[in-house]
file coords_17.cif (mmCIF, N, CA and C atoms)
data_structure
#
loop_
_atom_site.label_atom_id
_atom_site.label_comp_id
_atom_site.auth_asym_id
_atom_site.auth_seq_id
_atom_site.Cartn_x
_atom_site.Cartn_y
_atom_site.Cartn_z
N MET A 1 137.04 175.56 161.12
CA MET A 1 137.63 175.66 162.43
C MET A 1 138.80 174.68 162.51
N TRP A 2 139.88 175.09 163.20
CA TRP A 2 141.03 174.22 163.42
C TRP A 2 141.66 174.54 164.76
N LEU A 3 142.38 173.58 165.27
CA LEU A 3 143.08 173.76 166.54
C LEU A 3 144.33 174.59 166.31
N ASN A 4 144.48 175.66 167.08
CA ASN A 4 145.61 176.56 166.93
C ASN A 4 146.64 176.40 168.04
N HIS A 5 146.19 176.14 169.28
CA HIS A 5 147.14 175.99 170.38
C HIS A 5 146.51 175.19 171.52
N VAL A 6 147.38 174.65 172.33
CA VAL A 6 147.01 173.99 173.58
C VAL A 6 147.71 174.78 174.67
N HIS A 7 146.98 175.17 175.70
CA HIS A 7 147.52 176.01 176.77
C HIS A 7 147.74 175.15 178.01
N LEU A 8 148.99 175.09 178.51
CA LEU A 8 149.31 174.29 179.69
C LEU A 8 149.85 175.18 180.80
N GLY A 9 149.35 174.98 182.00
CA GLY A 9 149.90 175.65 183.16
C GLY A 9 151.13 174.89 183.63
N VAL A 10 152.23 175.60 183.91
CA VAL A 10 153.47 174.97 184.35
C VAL A 10 153.99 175.67 185.60
N ARG A 11 154.59 174.90 186.50
CA ARG A 11 155.10 175.47 187.75
C ARG A 11 156.38 176.27 187.55
N ASP A 12 157.26 175.81 186.66
CA ASP A 12 158.55 176.44 186.44
C ASP A 12 158.70 176.68 184.93
N LEU A 13 158.49 177.92 184.49
CA LEU A 13 158.49 178.23 183.06
C LEU A 13 159.83 177.93 182.41
N ASP A 14 160.93 178.30 183.07
CA ASP A 14 162.25 178.04 182.49
C ASP A 14 162.48 176.55 182.29
N ARG A 15 162.11 175.74 183.26
CA ARG A 15 162.27 174.29 183.16
C ARG A 15 161.40 173.72 182.03
N ALA A 16 160.17 174.20 181.92
CA ALA A 16 159.27 173.71 180.87
C ALA A 16 159.79 174.09 179.48
N VAL A 17 160.24 175.34 179.32
CA VAL A 17 160.80 175.77 178.03
C VAL A 17 162.01 174.92 177.68
N ALA A 18 162.90 174.70 178.63
CA ALA A 18 164.09 173.88 178.37
C ALA A 18 163.70 172.47 177.94
N PHE A 19 162.69 171.89 178.58
CA PHE A 19 162.26 170.53 178.23
C PHE A 19 161.75 170.47 176.79
N TYR A 20 160.83 171.35 176.44
CA TYR A 20 160.24 171.30 175.10
C TYR A 20 161.25 171.71 174.02
N ARG A 21 162.15 172.65 174.34
CA ARG A 21 163.16 173.11 173.38
C ARG A 21 164.31 172.12 173.28
N ASP A 22 164.91 171.75 174.41
CA ASP A 22 166.14 170.96 174.39
C ASP A 22 165.89 169.46 174.31
N THR A 23 164.90 168.97 175.03
CA THR A 23 164.64 167.53 175.04
C THR A 23 163.83 167.09 173.84
N LEU A 24 162.79 167.85 173.48
CA LEU A 24 161.94 167.48 172.35
C LEU A 24 162.33 168.19 171.06
N SER A 25 163.33 169.07 171.11
CA SER A 25 163.85 169.79 169.93
C SER A 25 162.79 170.60 169.20
N LEU A 26 161.91 171.26 169.96
CA LEU A 26 160.87 172.08 169.37
C LEU A 26 161.27 173.55 169.43
N GLU A 27 160.76 174.34 168.50
CA GLU A 27 161.09 175.76 168.40
C GLU A 27 160.25 176.58 169.38
N VAL A 28 160.91 177.42 170.15
CA VAL A 28 160.22 178.37 171.01
C VAL A 28 160.00 179.63 170.18
N SER A 29 158.73 179.95 169.91
CA SER A 29 158.43 181.08 169.03
C SER A 29 158.08 182.36 169.80
N ARG A 30 157.88 182.25 171.11
CA ARG A 30 157.59 183.42 171.94
C ARG A 30 158.05 183.11 173.36
N ARG A 31 158.65 184.12 174.02
CA ARG A 31 159.09 183.91 175.41
C ARG A 31 159.09 185.25 176.12
N ASP A 32 158.19 185.42 177.08
CA ASP A 32 158.21 186.56 177.99
C ASP A 32 157.62 186.06 179.31
N THR A 33 156.45 186.52 179.71
CA THR A 33 155.86 185.99 180.94
C THR A 33 155.21 184.63 180.71
N TRP A 34 155.11 184.21 179.48
CA TRP A 34 154.66 182.89 179.07
C TRP A 34 155.44 182.53 177.82
N ALA A 35 155.34 181.29 177.38
CA ALA A 35 156.10 180.85 176.21
C ALA A 35 155.19 180.10 175.25
N SER A 36 155.53 180.17 173.98
CA SER A 36 154.82 179.44 172.94
C SER A 36 155.83 178.55 172.22
N VAL A 37 155.51 177.27 172.16
CA VAL A 37 156.39 176.29 171.52
C VAL A 37 155.68 175.76 170.28
N ARG A 38 156.30 175.92 169.13
CA ARG A 38 155.70 175.50 167.87
C ARG A 38 155.81 173.98 167.73
N VAL A 39 154.66 173.33 167.48
CA VAL A 39 154.65 171.87 167.30
C VAL A 39 154.14 171.46 165.92
N GLY A 40 153.90 172.42 165.08
CA GLY A 40 153.44 172.17 163.71
C GLY A 40 153.28 173.50 163.01
N PRO A 41 152.93 173.47 161.73
CA PRO A 41 152.83 174.71 160.98
C PRO A 41 151.79 175.70 161.54
N THR A 42 150.74 175.18 162.16
CA THR A 42 149.69 176.06 162.69
C THR A 42 149.32 175.74 164.13
N LEU A 43 150.16 174.98 164.83
CA LEU A 43 149.81 174.55 166.18
C LEU A 43 150.96 174.83 167.14
N SER A 44 150.60 175.33 168.32
CA SER A 44 151.60 175.57 169.35
C SER A 44 151.11 175.06 170.69
N VAL A 45 152.07 174.78 171.57
CA VAL A 45 151.79 174.52 172.97
C VAL A 45 152.21 175.78 173.71
N ASP A 46 151.25 176.43 174.36
CA ASP A 46 151.53 177.65 175.11
C ASP A 46 151.73 177.29 176.58
N LEU A 47 152.83 177.73 177.14
CA LEU A 47 153.20 177.41 178.52
C LEU A 47 152.99 178.64 179.39
N ASP A 48 152.12 178.52 180.36
CA ASP A 48 151.76 179.64 181.23
C ASP A 48 152.29 179.37 182.63
N HIS A 49 153.06 180.31 183.17
CA HIS A 49 153.66 180.15 184.49
C HIS A 49 152.57 180.15 185.56
N ARG A 50 152.43 179.00 186.24
CA ARG A 50 151.47 178.86 187.34
C ARG A 50 152.17 178.12 188.48
N PRO A 51 152.89 178.85 189.33
CA PRO A 51 153.69 178.22 190.38
C PRO A 51 152.89 177.42 191.39
N ASP A 52 151.61 177.65 191.51
CA ASP A 52 150.79 176.91 192.47
C ASP A 52 150.23 175.61 191.91
N GLN A 53 150.56 175.29 190.67
CA GLN A 53 150.05 174.07 190.04
C GLN A 53 150.58 172.85 190.78
N SER A 54 149.75 171.84 190.93
CA SER A 54 150.16 170.63 191.67
C SER A 54 151.03 169.72 190.82
N ASP A 55 151.82 168.89 191.50
CA ASP A 55 152.63 167.88 190.83
C ASP A 55 151.74 166.73 190.39
N GLY A 56 152.32 165.81 189.64
CA GLY A 56 151.61 164.59 189.30
C GLY A 56 150.95 164.63 187.95
N PRO A 57 150.49 163.46 187.51
CA PRO A 57 149.87 163.34 186.19
C PRO A 57 148.64 164.24 186.04
N LYS A 58 148.46 164.74 184.85
CA LYS A 58 147.34 165.61 184.51
C LYS A 58 146.41 164.84 183.56
N PRO A 59 145.13 165.21 183.52
CA PRO A 59 144.20 164.51 182.63
C PRO A 59 144.30 165.00 181.19
N VAL A 60 145.54 165.10 180.69
CA VAL A 60 145.79 165.56 179.33
C VAL A 60 146.87 164.66 178.74
N ILE A 61 146.72 164.28 177.48
CA ILE A 61 147.78 163.56 176.76
C ILE A 61 148.11 164.39 175.53
N ILE A 62 149.38 164.70 175.36
CA ILE A 62 149.86 165.43 174.20
C ILE A 62 150.45 164.39 173.25
N GLY A 63 149.93 164.30 172.05
CA GLY A 63 150.37 163.27 171.10
C GLY A 63 151.22 163.83 169.98
N PHE A 64 152.37 163.20 169.76
CA PHE A 64 153.25 163.54 168.65
C PHE A 64 153.33 162.34 167.71
N VAL A 65 153.37 162.61 166.40
CA VAL A 65 153.54 161.58 165.40
C VAL A 65 154.98 161.67 164.90
N VAL A 66 155.63 160.52 164.78
CA VAL A 66 157.01 160.45 164.31
C VAL A 66 157.12 159.40 163.21
N GLU A 67 158.20 159.47 162.45
CA GLU A 67 158.46 158.45 161.43
C GLU A 67 158.84 157.12 162.05
N SER A 68 159.62 157.16 163.15
CA SER A 68 160.08 155.94 163.80
C SER A 68 159.98 156.08 165.32
N ALA A 69 159.08 155.31 165.91
CA ALA A 69 158.94 155.34 167.37
C ALA A 69 160.21 154.82 168.04
N ASP A 70 160.85 153.83 167.44
CA ASP A 70 162.06 153.27 168.03
C ASP A 70 163.21 154.28 168.05
N GLU A 71 163.36 155.05 166.97
CA GLU A 71 164.41 156.07 166.94
C GLU A 71 164.11 157.18 167.95
N ALA A 72 162.86 157.62 168.01
CA ALA A 72 162.48 158.66 168.98
C ALA A 72 162.72 158.17 170.40
N TYR A 73 162.37 156.92 170.67
CA TYR A 73 162.57 156.32 171.99
C TYR A 73 164.06 156.35 172.35
N ALA A 74 164.92 155.93 171.43
CA ALA A 74 166.36 155.90 171.69
C ALA A 74 166.91 157.31 171.94
N GLN A 75 166.44 158.29 171.18
CA GLN A 75 166.91 159.67 171.35
C GLN A 75 166.49 160.23 172.71
N LEU A 76 165.25 159.99 173.10
CA LEU A 76 164.77 160.49 174.39
C LEU A 76 165.44 159.77 175.55
N LYS A 77 165.65 158.47 175.41
CA LYS A 77 166.34 157.70 176.45
C LYS A 77 167.76 158.23 176.64
N ALA A 78 168.44 158.55 175.53
CA ALA A 78 169.81 159.09 175.60
C ALA A 78 169.84 160.45 176.29
N LYS A 79 168.72 161.19 176.25
CA LYS A 79 168.63 162.49 176.91
C LYS A 79 168.19 162.37 178.36
N GLY A 80 168.01 161.13 178.84
CA GLY A 80 167.68 160.91 180.24
C GLY A 80 166.20 161.03 180.59
N VAL A 81 165.32 160.99 179.59
CA VAL A 81 163.89 161.09 179.85
C VAL A 81 163.41 159.78 180.50
N ALA A 82 162.59 159.89 181.53
CA ALA A 82 162.01 158.72 182.20
C ALA A 82 160.84 158.22 181.35
N LEU A 83 161.08 157.17 180.59
CA LEU A 83 160.10 156.64 179.65
C LEU A 83 159.24 155.57 180.32
N GLU A 84 157.96 155.52 179.94
CA GLU A 84 157.01 154.56 180.51
C GLU A 84 156.90 153.34 179.60
N GLY A 85 157.84 152.44 179.68
CA GLY A 85 157.81 151.26 178.83
C GLY A 85 158.44 151.52 177.48
N GLU A 86 158.62 150.44 176.73
CA GLU A 86 159.23 150.53 175.40
C GLU A 86 158.15 150.66 174.34
N PRO A 87 158.52 151.06 173.12
CA PRO A 87 157.53 151.16 172.05
C PRO A 87 156.83 149.81 171.82
N GLU A 88 155.51 149.89 171.62
CA GLU A 88 154.71 148.69 171.38
C GLU A 88 153.76 148.93 170.22
N ASP A 89 153.53 147.88 169.42
CA ASP A 89 152.52 147.94 168.37
C ASP A 89 151.15 147.83 169.01
N GLN A 90 150.24 148.72 168.62
CA GLN A 90 148.88 148.72 169.16
C GLN A 90 147.89 148.25 168.11
N TYR A 91 146.80 147.66 168.55
CA TYR A 91 145.80 147.14 167.61
C TYR A 91 145.15 148.25 166.78
N TRP A 92 145.22 149.51 167.22
CA TRP A 92 144.60 150.60 166.47
C TRP A 92 145.53 151.18 165.41
N GLY A 93 146.68 150.55 165.18
CA GLY A 93 147.51 150.91 164.03
C GLY A 93 148.68 151.84 164.27
N VAL A 94 149.17 151.90 165.50
CA VAL A 94 150.36 152.71 165.78
C VAL A 94 151.34 151.89 166.62
N ARG A 95 152.59 152.31 166.56
CA ARG A 95 153.63 151.83 167.48
C ARG A 95 153.92 153.03 168.37
N ASN A 96 153.73 152.88 169.70
CA ASN A 96 153.82 154.06 170.55
C ASN A 96 154.47 153.79 171.89
N PHE A 97 154.77 154.89 172.58
CA PHE A 97 155.25 154.85 173.96
C PHE A 97 154.88 156.18 174.62
N TYR A 98 155.03 156.23 175.94
CA TYR A 98 154.62 157.41 176.71
C TYR A 98 155.72 157.85 177.67
N PHE A 99 155.64 159.11 178.07
CA PHE A 99 156.44 159.67 179.15
C PHE A 99 155.76 160.95 179.60
N CYS A 100 156.23 161.54 180.70
CA CYS A 100 155.63 162.78 181.21
C CYS A 100 156.63 163.92 181.11
N ASP A 101 156.11 165.13 180.89
CA ASP A 101 156.97 166.30 180.92
C ASP A 101 157.22 166.68 182.38
N PRO A 102 158.04 167.68 182.66
CA PRO A 102 158.36 168.00 184.05
C PRO A 102 157.16 168.39 184.93
N ASP A 103 156.04 168.77 184.32
CA ASP A 103 154.86 169.15 185.10
C ASP A 103 153.82 168.04 185.17
N GLY A 104 154.16 166.85 184.67
CA GLY A 104 153.25 165.72 184.78
C GLY A 104 152.30 165.53 183.63
N TYR A 105 152.41 166.33 182.56
CA TYR A 105 151.57 166.11 181.39
C TYR A 105 152.09 164.90 180.64
N GLN A 106 151.21 163.96 180.35
CA GLN A 106 151.63 162.74 179.65
C GLN A 106 151.80 163.04 178.17
N ILE A 107 152.88 162.52 177.60
CA ILE A 107 153.17 162.70 176.18
C ILE A 107 153.22 161.33 175.53
N GLU A 108 152.50 161.21 174.42
CA GLU A 108 152.52 159.99 173.61
C GLU A 108 153.32 160.27 172.35
N VAL A 109 154.19 159.34 172.00
CA VAL A 109 154.91 159.39 170.74
C VAL A 109 154.45 158.18 169.94
N ALA A 110 153.90 158.43 168.75
CA ALA A 110 153.29 157.36 167.96
C ALA A 110 153.78 157.37 166.52
N GLN A 111 154.02 156.19 166.03
CA GLN A 111 154.40 155.98 164.64
C GLN A 111 153.23 155.26 163.96
N PRO A 112 152.62 155.86 162.92
CA PRO A 112 151.55 155.15 162.22
C PRO A 112 152.10 153.89 161.56
N LEU A 113 151.38 152.79 161.71
CA LEU A 113 151.81 151.53 161.09
C LEU A 113 151.13 151.30 159.75
N VAL A 114 150.06 152.04 159.49
CA VAL A 114 149.32 151.91 158.22
C VAL A 114 149.33 153.27 157.55
N ARG A 115 149.76 153.30 156.30
CA ARG A 115 149.78 154.56 155.56
C ARG A 115 149.02 154.39 154.24
N GLY A 116 148.19 155.32 153.95
CA GLY A 116 147.48 155.31 152.69
C GLY A 116 146.60 154.10 152.48
N GLY A 117 146.13 153.49 153.56
CA GLY A 117 145.24 152.35 153.44
C GLY A 117 145.93 151.03 153.24
N ALA A 118 147.25 151.03 153.11
CA ALA A 118 147.99 149.78 152.92
C ALA A 118 148.77 149.44 154.17
N THR A 119 148.93 148.18 154.42
CA THR A 119 149.73 147.77 155.58
C THR A 119 151.19 147.75 155.18
N PRO A 120 152.08 148.00 156.12
CA PRO A 120 153.51 148.00 155.80
C PRO A 120 153.99 146.61 155.42
N ALA A 121 154.99 146.57 154.58
CA ALA A 121 155.54 145.28 154.13
C ALA A 121 156.39 144.65 155.20
#
call {"tool": "encode", "arguments": {"input": "coords_17.cif", "output": "structure tokens"}}
result
Amino acid sequence: MWLNHVHLGVRDLDRAVAFYRDTLSLEVSRRDTWASVRVGPTLSVDLDHRPDQSDGPKPVIIGFVVESADEAYAQLKAKGVALEGEPEDQYWGVRNFYFCDPDGYQIEVAQPLVRGGATPA
């Protein structure tokens, strides 16, 4: 068994597609009454139009792994994303930061600090 997709309800489908495509540079692999955004070789975030969905934070965190949290932070900041603090090293072995998508889903961007069992030099 493996995770194939995460399904999110969004109030404005066009706005959500633009955010994931243009701000996060992800590929939109399907677009009609709902959209599918590819986030890995076998994983997608499916966006379902739900105009009655409430604003505000949702009890979901979408996590992305990057090579450099600092570079990702700078790129998102340049695109005008409202970031929640700067990248920080965490005791569990990542350097990360957070922000929300237009529908209030929290997104974590994390850079692993330990690879292959060795600590970085």
call {"tool": "closest_residue", "arguments": {"input": "coords_17.cif", "among": "A:Asn96, A:Val66, A:Tyr73, A:Asp48", "to": "Arg15 (chain A)", "atoms": "only C-alpha atoms"}}
result
A:Asp48
call {"tool": "resolve_selection", "arguments": {"input": "coords_17.cif", "expression": "the PyMOL selection byres (((chain A and resi 4 and name CA) around 12) and name CA)", "output": "number ranges by chain"}}
result
A: 1-3, 5-7, 36-46
call {"tool": "residues_around", "arguments": {"input": "coords_17.cif", "residues": "Lys58 (chain A)", "least_positions_apart": "6", "cutoff": "8 Å", "atoms": "only C-alpha atoms", "output": "PyMOL selection string"}}
result
chain A and resi 104-106
call {"tool": "closest_residue", "arguments": {"input": "coords_17.cif", "among": "A:Glu88, A:Asp55, A:Asp32, A:Asp22", "to": "Pro102 (chain A)", "atoms": "only N, CA and C atoms"}}
result
A:Asp55
call {"tool": "resolve_selection", "arguments": {"input": "coords_17.cif", "expression": "the PyMOL selection byres ((chain A and resi 52) around 8)", "output": "ChimeraX atom specification"}}
result
/A:10-12,49-51,53-55
call {"tool": "atom_distance", "arguments": {"input": "coords_17.cif", "atom1": "CA of Ala16 (chain A)", "atom2": "atom N of Leu47 (chain A)"}}
result
8.5 Å
call {"tool": "select_by_dssp", "arguments": {"input": "coords_17.cif", "residues": "region 6-118 of chain A", "states": "strand (DSSP E)", "output": "PyMOL selection string"}}
result
chain A and resi 6-10+27-31+34-38+44-49+61-65+83-89+94-100+106-112
call {"tool": "residues_around", "arguments": {"input": "coords_17.cif", "residues": "region 67-72 of chain A", "least_positions_apart": "6", "cutoff": "6.5 Å", "atoms": "all atoms listed in the file", "output": "PyMOL selection string"}}
result
chain A and resi 87+95-96+109-112
call {"tool": "axis_aligned_box", "arguments": {"input": "coords_17.cif", "around": "region 31-35 of chain A", "padding_each_side": "3 Å", "output": "JSON"}}
result
{"center_x": 156.9, "center_y": 183.3, "center_z": 177.5, "size_x": 10.4, "size_y": 12.5, "size_z": 12.9}
call {"tool": "select_by_dssp", "arguments": {"input": "coords_17.cif", "residues": "region 12-62 of chain A", "states": "helix (DSSP H, G or I)", "output": "PyMOL selection string"}}
result
chain A and resi 13-23
call {"tool": "resolve_selection", "arguments": {"input": "coords_17.cif", "expression": "the PyMOL selection byres (((chain A and resi 75-77 and name CA) around 12) and name CA)", "output": "mmCIF file with N, CA and C atoms, keeping the file's coordinate frame"}}
result
data_model
loop_
_atom_site.group_PDB
_atom_site.id
_atom_site.type_symbol
_atom_site.label_atom_id
_atom_site.label_comp_id
_atom_site.auth_asym_id
_atom_site.auth_seq_id
_atom_site.Cartn_x
_atom_site.Cartn_y
_atom_site.Cartn_z
ATOM 1 N N PHE A 19 162.690 171.890 178.580
ATOM 2 C CA PHE A 19 162.260 170.530 178.230
ATOM 3 C C PHE A 19 161.750 170.470 176.790
ATOM 4 N N TYR A 20 160.830 171.350 176.440
ATOM 5 C CA TYR A 20 160.240 171.300 175.100
ATOM 6 C C TYR A 20 161.250 171.710 174.020
ATOM 7 N N ASP A 22 164.910 171.750 174.410
ATOM 8 C CA ASP A 22 166.140 170.960 174.390
ATOM 9 C C ASP A 22 165.890 169.460 174.310
ATOM 10 N N THR A 23 164.900 168.970 175.030
ATOM 11 C CA THR A 23 164.640 167.530 175.040
ATOM 12 C C THR A 23 163.830 167.090 173.840
ATOM 13 N N LEU A 24 162.790 167.850 173.480
ATOM 14 C CA LEU A 24 161.940 167.480 172.350
ATOM 15 C C LEU A 24 162.330 168.190 171.060
ATOM 16 N N SER A 25 163.330 169.070 171.110
ATOM 17 C CA SER A 25 163.850 169.790 169.930
ATOM 18 C C SER A 25 162.790 170.600 169.200
ATOM 19 N N SER A 68 159.620 157.160 163.150
ATOM 20 C CA SER A 68 160.080 155.940 163.800
ATOM 21 C C SER A 68 159.980 156.080 165.320
ATOM 22 N N ALA A 69 159.080 155.310 165.910
ATOM 23 C CA ALA A 69 158.940 155.340 167.370
ATOM 24 C C ALA A 69 160.210 154.820 168.040
ATOM 25 N N ASP A 70 160.850 153.830 167.440
ATOM 26 C CA ASP A 70 162.060 153.270 168.030
ATOM 27 C C ASP A 70 163.210 154.280 168.050
ATOM 28 N N GLU A 71 163.360 155.050 166.970
ATOM 29 C CA GLU A 71 164.410 156.070 166.940
ATOM 30 C C GLU A 71 164.110 157.180 167.950
ATOM 31 N N ALA A 72 162.860 157.620 168.010
ATOM 32 C CA ALA A 72 162.480 158.660 168.980
ATOM 33 C C ALA A 72 162.720 158.170 170.400
ATOM 34 N N TYR A 73 162.370 156.920 170.670
ATOM 35 C CA TYR A 73 162.570 156.320 171.990
ATOM 36 C C TYR A 73 164.060 156.350 172.350
ATOM 37 N N ALA A 74 164.920 155.930 171.430
ATOM 38 C CA ALA A 74 166.360 155.900 171.690
ATOM 39 C C ALA A 74 166.910 157.310 171.940
ATOM 40 N N ALA A 78 168.440 158.550 175.530
ATOM 41 C CA ALA A 78 169.810 159.090 175.600
ATOM 42 C C ALA A 78 169.840 160.450 176.290
ATOM 43 N N LYS A 79 168.720 161.190 176.250
ATOM 44 C CA LYS A 79 168.630 162.490 176.910
ATOM 45 C C LYS A 79 168.190 162.370 178.360
ATOM 46 N N GLY A 80 168.010 161.130 178.840
ATOM 47 C CA GLY A 80 167.680 160.910 180.240
ATOM 48 C C GLY A 80 166.200 161.030 180.590
ATOM 49 N N VAL A 81 165.320 160.990 179.590
ATOM 50 C CA VAL A 81 163.890 161.090 179.850
ATOM 51 C C VAL A 81 163.410 159.780 180.500
ATOM 52 N N ALA A 82 162.590 159.890 181.530
ATOM 53 C CA ALA A 82 162.010 158.720 182.200
ATOM 54 C C ALA A 82 160.840 158.220 181.350
ATOM 55 N N LEU A 83 161.080 157.170 180.590
ATOM 56 C CA LEU A 83 160.100 156.640 179.650
ATOM 57 C C LEU A 83 159.240 155.570 180.320
ATOM 58 N N GLU A 84 157.960 155.520 179.940
ATOM 59 C CA GLU A 84 157.010 154.560 180.510
ATOM 60 C C GLU A 84 156.900 153.340 179.600
ATOM 61 N N GLY A 85 157.840 152.440 179.680
ATOM 62 C CA GLY A 85 157.810 151.260 178.830
ATOM 63 C C GLY A 85 158.440 151.520 177.480
ATOM 64 N N GLU A 86 158.620 150.440 176.730
ATOM 65 C CA GLU A 86 159.230 150.530 175.400
ATOM 66 C C GLU A 86 158.150 150.660 174.340
ATOM 67 N N PRO A 87 158.520 151.060 173.120
ATOM 68 C CA PRO A 87 157.530 151.160 172.050
ATOM 69 C C PRO A 87 156.830 149.810 171.820
ATOM 70 N N PHE A 97 154.770 154.890 172.580
ATOM 71 C CA PHE A 97 155.250 154.850 173.960
ATOM 72 C C PHE A 97 154.880 156.180 174.620
ATOM 73 N N TYR A 98 155.030 156.230 175.940
ATOM 74 C CA TYR A 98 154.620 157.410 176.710
ATOM 75 C C TYR A 98 155.720 157.850 177.670
ATOM 76 N N PHE A 99 155.640 159.110 178.070
ATOM 77 C CA PHE A 99 156.440 159.670 179.150
ATOM 78 C C PHE A 99 155.760 160.950 179.600
ATOM 79 N N CYS A 100 156.230 161.540 180.700
ATOM 80 C CA CYS A 100 155.630 162.780 181.210
ATOM 81 C C CYS A 100 156.630 163.920 181.110
ATOM 82 N N ASP A 101 156.110 165.130 180.890
ATOM 83 C CA ASP A 101 156.970 166.300 180.920
ATOM 84 C C ASP A 101 157.220 166.680 182.380
ATOM 85 N N ILE A 107 152.880 162.520 177.600
ATOM 86 C CA ILE A 107 153.170 162.700 176.180
ATOM 87 C C ILE A 107 153.220 161.330 175.530
ATOM 88 N N VAL A 109 154.190 159.340 172.000
ATOM 89 C CA VAL A 109 154.910 159.390 170.740
ATOM 90 C C VAL A 109 154.450 158.180 169.940
#
call {"tool": "atom_distance", "arguments": {"input": "coords_17.cif", "atom1": "CA of Glu27 (chain A)", "atom2": "CA of Val60 (chain A)"}}
result
21.4 Å
call {"tool": "atom_distance", "arguments": {"input": "coords_17.cif", "atom1": "CA of Asp103 (chain A)", "atom2": "CA of Asp89 (chain A)"}}
result
27.1 Å
call {"tool": "decode", "arguments": {"input": "coords_17.cif", "residues": "region 52-83 of chain A", "atoms": "C-alpha atoms", "output": "CSV table (one decimal), in the first residue's frame"}}
result
chain,number,residue,atom,x,y,z
A,52,ASP,CA,-18.8,26.9,1.0
A,53,GLN,CA,-15.5,25.9,2.6
A,54,SER,CA,-14.6,28.2,5.6
A,55,ASP,CA,-11.5,30.4,5.7
A,56,GLY,CA,-8.7,30.0,8.2
A,57,PRO,CA,-6.2,27.3,9.1
A,58,LYS,CA,-7.1,23.7,8.5
A,59,PRO,CA,-6.0,20.7,10.6
A,60,VAL,CA,-3.8,19.5,7.8
A,61,ILE,CA,-0.1,20.1,7.1
A,62,ILE,CA,1.3,19.4,3.6
A,63,GLY,CA,5.1,18.7,3.8
A,64,PHE,CA,7.6,19.3,1.0
A,65,VAL,CA,11.2,18.2,1.2
A,66,VAL,CA,13.8,20.5,-0.5
A,67,GLU,CA,17.5,20.5,-1.0
A,68,SER,CA,17.8,24.0,0.6
A,69,ALA,CA,15.2,25.5,2.9
A,70,ASP,CA,17.0,28.9,2.7
A,71,GLU,CA,16.8,29.0,-1.1
A,72,ALA,CA,13.1,27.9,-1.1
A,73,TYR,CA,12.4,30.5,1.5
A,74,ALA,CA,14.0,33.3,-0.6
A,75,GLN,CA,12.1,32.1,-3.8
A,76,LEU,CA,8.7,32.1,-2.0
A,77,LYS,CA,9.4,35.4,-0.3
A,78,ALA,CA,10.2,36.9,-3.7
A,79,LYS,CA,6.8,35.7,-5.0
A,80,GLY,CA,5.1,37.5,-2.2
A,81,VAL,CA,4.1,34.5,-0.1
A,82,ALA,CA,3.2,35.3,3.6
A,83,LEU,CA,5.8,33.2,5.4
